[in-house]
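Trainee: My structure is below; once you've seen it, I'll send some questions.
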Amino acid sequence: MQITGSIARPSAARIPWMTIAVWGGLAILVLIAYMRSPLATTAVLTSTIRQSTPIILGALAGIMCERSGVINIGIEGMMLITAFLGFLFNVWTGDLLLATAGALLVGAAVGAFHALMSITLKVDQIISGTVINILAVGLTGYFYQQGLTTRGKLAPVSIPVLADIPIIGPVFFNNPPITYASLILIVVIHVLLFRTAWGLRTRAVGEHPAAADTVGIAVNRVRYINVIIGGMLAGLAGAFLTLESVGSFERNMTNGRGFVSLAVMIFGKWTPFGAWGGSLLFGFANALQSQIQFLKSQLPPWLAWIGDLPPQFIGMLPYVLTIAVLAGFVGRARPPAAIGKVYEKE
Amino acid sequence: MTAEPEIVLEARNITKRFPGVVANENVSLTLRRGEVLALLGENGAGKTTLMNILYGLYHQDSGEVLIRGEPVRISGPSDSIKRGIGMVHQHFMLVPVFTVAENIILGDETGNGPFLDLKVARQRIRELSQQYNLDVDPDAYVKDLSVGQQQRVEIIKALYRKADILILDEPTAVLTPQETEELFAIIRSLTARGASIIFISHKLKEVLAIADRIMVLRRGRVVGETTPREATERSLAEMMVGRSVMLEVEKGEAHPGEPVLILDNVTVMDDRGQQVVNGVSFEVHAGEILGIAGVQGNGQTELVEAITGLRPVRSGRVRINGHDVTNASPRRISKTGCAHVPEDRQEDGLVLTYSVADNLVLNTYYAPPFARGVVRDDRAILDHANRLIERYDVRTPSALTLVSALSGGNKQKVIIARELSREGRLLIAAQPTRGIDVGSIEFIHQQIVAERDRGAAVLLVSAELDEIMALSDRIAVMYHGRIVATLPAAGATREELGLLMAGAQPANTIHEPMMDGHPTADVQRRGV
């Protein structure tokens, strides 16, 4: 799944056979599974999309930051803080959309904090991100009160006609708003990065800030804006967790998703579509493990031994998969050249 | 010559201080329409600082800048670009993973609203390249271009922004003599169309060849102004350094002995896994200097790294002093008596956060007299350092000063002191005088010749053709990872070497086999 990190050359040269083979193979597998067990297959696929939503949003947050040269390992913390405050906004106002907007604003603020620390104050970017992660766990844990619940969750909106298509309909066209938003954002950010002047500048700043500076681009301003946009994307992921997925807050509910996002971003070679592929993989593993735990009794005899495994082992599946994918299949991923470096002129 | 053309750019009494140094002091210059003003000076004389002020990257502490007679405050590059100033930096400001077109439009993107329109950009780039004879493919990735082509991209980048005042900072440092000629042709066609050019260099020949006027900077001050008609290389060198200098290196005849370093069909890969040294064979004999000439990036760096054990040898053999050291550890190679002056002194030659004394024992600290068992002998290390500082004229406040505080020339002298004081049988010196002052260059050149006369074999790798020609006894030209020719230094000319460096076939340019029975061009054919 090679998505070129730059505007493709006009020649129609390389046909991505590997990508076609992988996705084609998957489509065939899905069809076979659907014919054998339509309900379970649709459930797994729908759940795949839902599970992958916070991951792809987190990965998009990472892409925006890192393409401009700022490492962001604080995505986990950003998600957790915004999940918590988004939840509280909803408890106070009772308005889900207002709460989502609140989560976005908080995300922007945490992003601005990270930008301030790592760009203006020149704190090591890893440390700044770690600070955010630690603060998030501490603050949300401290202020959390048990027993609060949201007033409703963001509900699925079914798109007429399209939602009736078998498999594709329920999977893609019967989702709640943030899930739709994440799918649209993949395209939007791809276009932003690779087809607009802003994207060109962002990538230049992440690759060779001095070159950008000498043609009159304000390097640090570009970085600030991208890191803040990244914070908002992480905020959307946080809002997804409390306002769309669970409906309440739990301590440390991000559960490593922010870090998985980073893994997926690297897997996708810092491109939105590549990261989406990684997110789907993780989402699928997650969906599969919960389906297995649900449907233990219905497993075919040759797979019955899976049902006998301790549930913790099956619960590990998505994380093991993440490690395997990152370790084995990534190949040489090349991060933006100026990543993690403070830009100083004089 | 009647009325002189108008003044397009003027700097008056510019002063700029950095912590601890005055980079520019009361510097004034004028640039007229259609002329080439050369700014000559050693590294650290303040040329680049002055240009960065004119381009808006730095701000002067005092003094003013006038563009077309109008006083201006240049707040940043976008300001200077707006006023028609373009700059080609010494280290190119191009994003390697972008295409030529993307690099050129960066910061000045045309398009439909926020979207890029590369079609229009490509069209304009093609027009500019035709108009000025600057041949580049707008869709090529910059990382795939040669240095000369990248420079053209930089020039187009300035022209695309309609610059008519062009600052070229050390533009010939990375070019072959032929590419330099091409650049001069481009400069002439630019000035013919009314552009004005500031040409920064420390190379006397080039300044005399291209400039209309020459301004010399020394230690941040203007020390003189002249024209190529009035000046000679010698007079310019004296102005630049402030005393009379020896342009030639004094050296007697070589007395080559038995081979010390023998390479047999060596291939090496670069970091990206590309084979950049393709079957290189040569011998370096005791008591001779073999110079490797070539444009940077033709495999010299990787070759030296492979010989010194810093990079795996993929195939072939390396022998030093009769030992097979192919893929041996750097320490083992060093112990065979191989001294190495690495190309990148900051990265590979020194530990910048260590003292001068510690840097002087970087490859001997573990053995007596500097260590007793596992414990360092600080006394011995300090005595050793003081001896070498004296003998190699290292200008440092003390042996315990951090090496990062020294000037480039003195850093290099620390490395030279460490490596030469071991009196090995082989010296490998890569770019030994890059970016250092003339005084240090003279000293280091003398030391290298002294090593040869002591009987060591010397392998000299340099991108400065003048250095190669001045020091070498034999010259091997490297092009695309191969030694394309090996010739005696005595009869080699710049033109001939330049052609070989650009990949011309050696057949019609090669010398007659040498007279003194010393193998020349046949070394590589024999493959030793």
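Labels used: A, B, ... for chains in the order of the structure tokens, numbers from 1 for residues in each chain, and numbers from 1 for ligands as shown.
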Tell me as an MDAnalysis selection string which residues belonging to chain A come within 8 Å of chain B, counting only C-alpha atoms.
Mentor: chainID A and resid 6 9 195:198 200:201 204 207:208 210:217 345:346
Trainee: Could you please write out, as a VMD selection string, every residue of stretch 192-312 of chain B that DSSP assigns to alpha helix (DSSP H)?
Mentor: chain B and resid 192 204 to 210 233 to 241 300 to 307
Trainee: Generate a file of the selected residues that holds N, CA and C atoms, formatted as a PDB file, in the first residue's frame.
Mentor:
```
ATOM      1  N   ALA B 192      24.030  40.398 -18.859  1.00  0.00           N
ATOM      2  CA  ALA B 192      23.697  41.004 -20.155  1.00  0.00           C
ATOM      3  C   ALA B 192      22.240  41.443 -20.191  1.00  0.00           C
ATOM      4  N   LEU B 204      40.830  32.720  -5.876  1.00  0.00           N
ATOM      5  CA  LEU B 204      41.383  33.895  -6.541  1.00  0.00           C
ATOM      6  C   LEU B 204      41.192  33.837  -8.055  1.00  0.00           C
ATOM      7  N   LYS B 205      41.481  32.686  -8.633  1.00  0.00           N
ATOM      8  CA  LYS B 205      41.405  32.560 -10.091  1.00  0.00           C
ATOM      9  C   LYS B 205      40.020  32.915 -10.590  1.00  0.00           C
ATOM     10  N   GLU B 206      39.010  32.382  -9.891  1.00  0.00           N
ATOM     11  CA  GLU B 206      37.639  32.584 -10.357  1.00  0.00           C
ATOM     12  C   GLU B 206      37.211  34.034 -10.232  1.00  0.00           C
ATOM     13  N   VAL B 207      37.612  34.635  -9.142  1.00  0.00           N
ATOM     14  CA  VAL B 207      37.260  36.031  -8.931  1.00  0.00           C
ATOM     15  C   VAL B 207      37.856  36.876 -10.048  1.00  0.00           C
ATOM     16  N   LEU B 208      39.099  36.609 -10.387  1.00  0.00           N
ATOM     17  CA  LEU B 208      39.749  37.374 -11.462  1.00  0.00           C
ATOM     18  C   LEU B 208      39.052  37.125 -12.793  1.00  0.00           C
ATOM     19  N   ALA B 209      38.502  35.929 -12.967  1.00  0.00           N
ATOM     20  CA  ALA B 209      37.907  35.591 -14.262  1.00  0.00           C
ATOM     21  C   ALA B 209      36.525  36.209 -14.460  1.00  0.00           C
ATOM     22  N   ILE B 210      35.744  36.354 -13.395  1.00  0.00           N
ATOM     23  CA  ILE B 210      34.338  36.693 -13.607  1.00  0.00           C
ATOM     24  C   ILE B 210      33.964  38.108 -13.148  1.00  0.00           C
ATOM     25  N   GLU B 233      46.786  37.370  -8.649  1.00  0.00           N
ATOM     26  CA  GLU B 233      46.482  36.389  -7.606  1.00  0.00           C
ATOM     27  C   GLU B 233      47.253  36.703  -6.340  1.00  0.00           C
ATOM     28  N   ARG B 234      48.521  37.064  -6.523  1.00  0.00           N
ATOM     29  CA  ARG B 234      49.361  37.303  -5.352  1.00  0.00           C
ATOM     30  C   ARG B 234      48.858  38.511  -4.552  1.00  0.00           C
ATOM     31  N   SER B 235      48.541  39.591  -5.279  1.00  0.00           N
ATOM     32  CA  SER B 235      48.120  40.790  -4.548  1.00  0.00           C
ATOM     33  C   SER B 235      46.798  40.542  -3.834  1.00  0.00           C
ATOM     34  N   LEU B 236      45.908  39.780  -4.470  1.00  0.00           N
ATOM     35  CA  LEU B 236      44.626  39.468  -3.828  1.00  0.00           C
ATOM     36  C   LEU B 236      44.842  38.612  -2.579  1.00  0.00           C
ATOM     37  N   ALA B 237      45.709  37.620  -2.706  1.00  0.00           N
ATOM     38  CA  ALA B 237      45.960  36.726  -1.570  1.00  0.00           C
ATOM     39  C   ALA B 237      46.503  37.521  -0.403  1.00  0.00           C
ATOM     40  N   GLU B 238      47.373  38.463  -0.680  1.00  0.00           N
ATOM     41  CA  GLU B 238      47.949  39.262   0.404  1.00  0.00           C
ATOM     42  C   GLU B 238      46.892  40.128   1.078  1.00  0.00           C
ATOM     43  N   MET B 239      46.024  40.715   0.247  1.00  0.00           N
ATOM     44  CA  MET B 239      44.941  41.510   0.825  1.00  0.00           C
ATOM     45  C   MET B 239      44.050  40.654   1.711  1.00  0.00           C
ATOM     46  N   MET B 240      43.794  39.448   1.218  1.00  0.00           N
ATOM     47  CA  MET B 240      42.849  38.571   1.891  1.00  0.00           C
ATOM     48  C   MET B 240      43.398  38.106   3.236  1.00  0.00           C
ATOM     49  N   VAL B 241      44.690  37.779   3.270  1.00  0.00           N
ATOM     50  CA  VAL B 241      45.268  37.190   4.469  1.00  0.00           C
ATOM     51  C   VAL B 241      45.946  38.244   5.331  1.00  0.00           C
ATOM     52  N   GLN B 300      34.008   9.021  -3.069  1.00  0.00           N
ATOM     53  CA  GLN B 300      35.242   9.205  -2.287  1.00  0.00           C
ATOM     54  C   GLN B 300      34.977   9.005  -0.797  1.00  0.00           C
ATOM     55  N   THR B 301      33.883   9.604  -0.311  1.00  0.00           N
ATOM     56  CA  THR B 301      33.577   9.520   1.118  1.00  0.00           C
ATOM     57  C   THR B 301      33.450   8.068   1.540  1.00  0.00           C
ATOM     58  N   GLU B 302      32.658   7.316   0.780  1.00  0.00           N
ATOM     59  CA  GLU B 302      32.416   5.925   1.127  1.00  0.00           C
ATOM     60  C   GLU B 302      33.698   5.098   0.996  1.00  0.00           C
ATOM     61  N   LEU B 303      34.519   5.435   0.011  1.00  0.00           N
ATOM     62  CA  LEU B 303      35.771   4.710  -0.168  1.00  0.00           C
ATOM     63  C   LEU B 303      36.653   4.861   1.065  1.00  0.00           C
ATOM     64  N   VAL B 304      36.803   6.091   1.524  1.00  0.00           N
ATOM     65  CA  VAL B 304      37.645   6.337   2.696  1.00  0.00           C
ATOM     66  C   VAL B 304      37.056   5.638   3.918  1.00  0.00           C
ATOM     67  N   GLU B 305      35.739   5.708   4.066  1.00  0.00           N
ATOM     68  CA  GLU B 305      35.116   5.051   5.208  1.00  0.00           C
ATOM     69  C   GLU B 305      35.363   3.544   5.174  1.00  0.00           C
ATOM     70  N   ALA B 306      35.333   2.985   3.981  1.00  0.00           N
ATOM     71  CA  ALA B 306      35.539   1.543   3.865  1.00  0.00           C
ATOM     72  C   ALA B 306      36.977   1.175   4.218  1.00  0.00           C
ATOM     73  N   ILE B 307      37.940   1.978   3.750  1.00  0.00           N
ATOM     74  CA  ILE B 307      39.341   1.666   4.048  1.00  0.00           C
ATOM     75  C   ILE B 307      39.603   1.744   5.546  1.00  0.00           C
TER      76      ILE B 307
END
```
Trainee: With only C-alpha atoms as the basis for distance, which of A:Gly258, A:Gly235, A:Pro38, A:Gly24 is at the shortest distance from A:Gly107?
Mentor: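 Comparing A:Gly258, A:Gly235, A:Pro38, A:Gly24 against A:Gly107, the winner is A:Gly235.
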Trainee: Restricting the calculation to only C-alpha atoms: of B:Ile85, B:Leu352, B:Ala211, B:Leu310, which residue gets closest to B:Ala405?
Mentor: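 Result for the nearest residue to B:Ala405: B:Leu352.
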Trainee: Return the single residue from A:Ala112, A:Met232, A:Val205, A:Val131 that is closest to A:Ala337, with distances computed using only C-alpha atoms.
Mentor: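 Looking at the shortest contact to A:Ala337, the residue is A:Val205.
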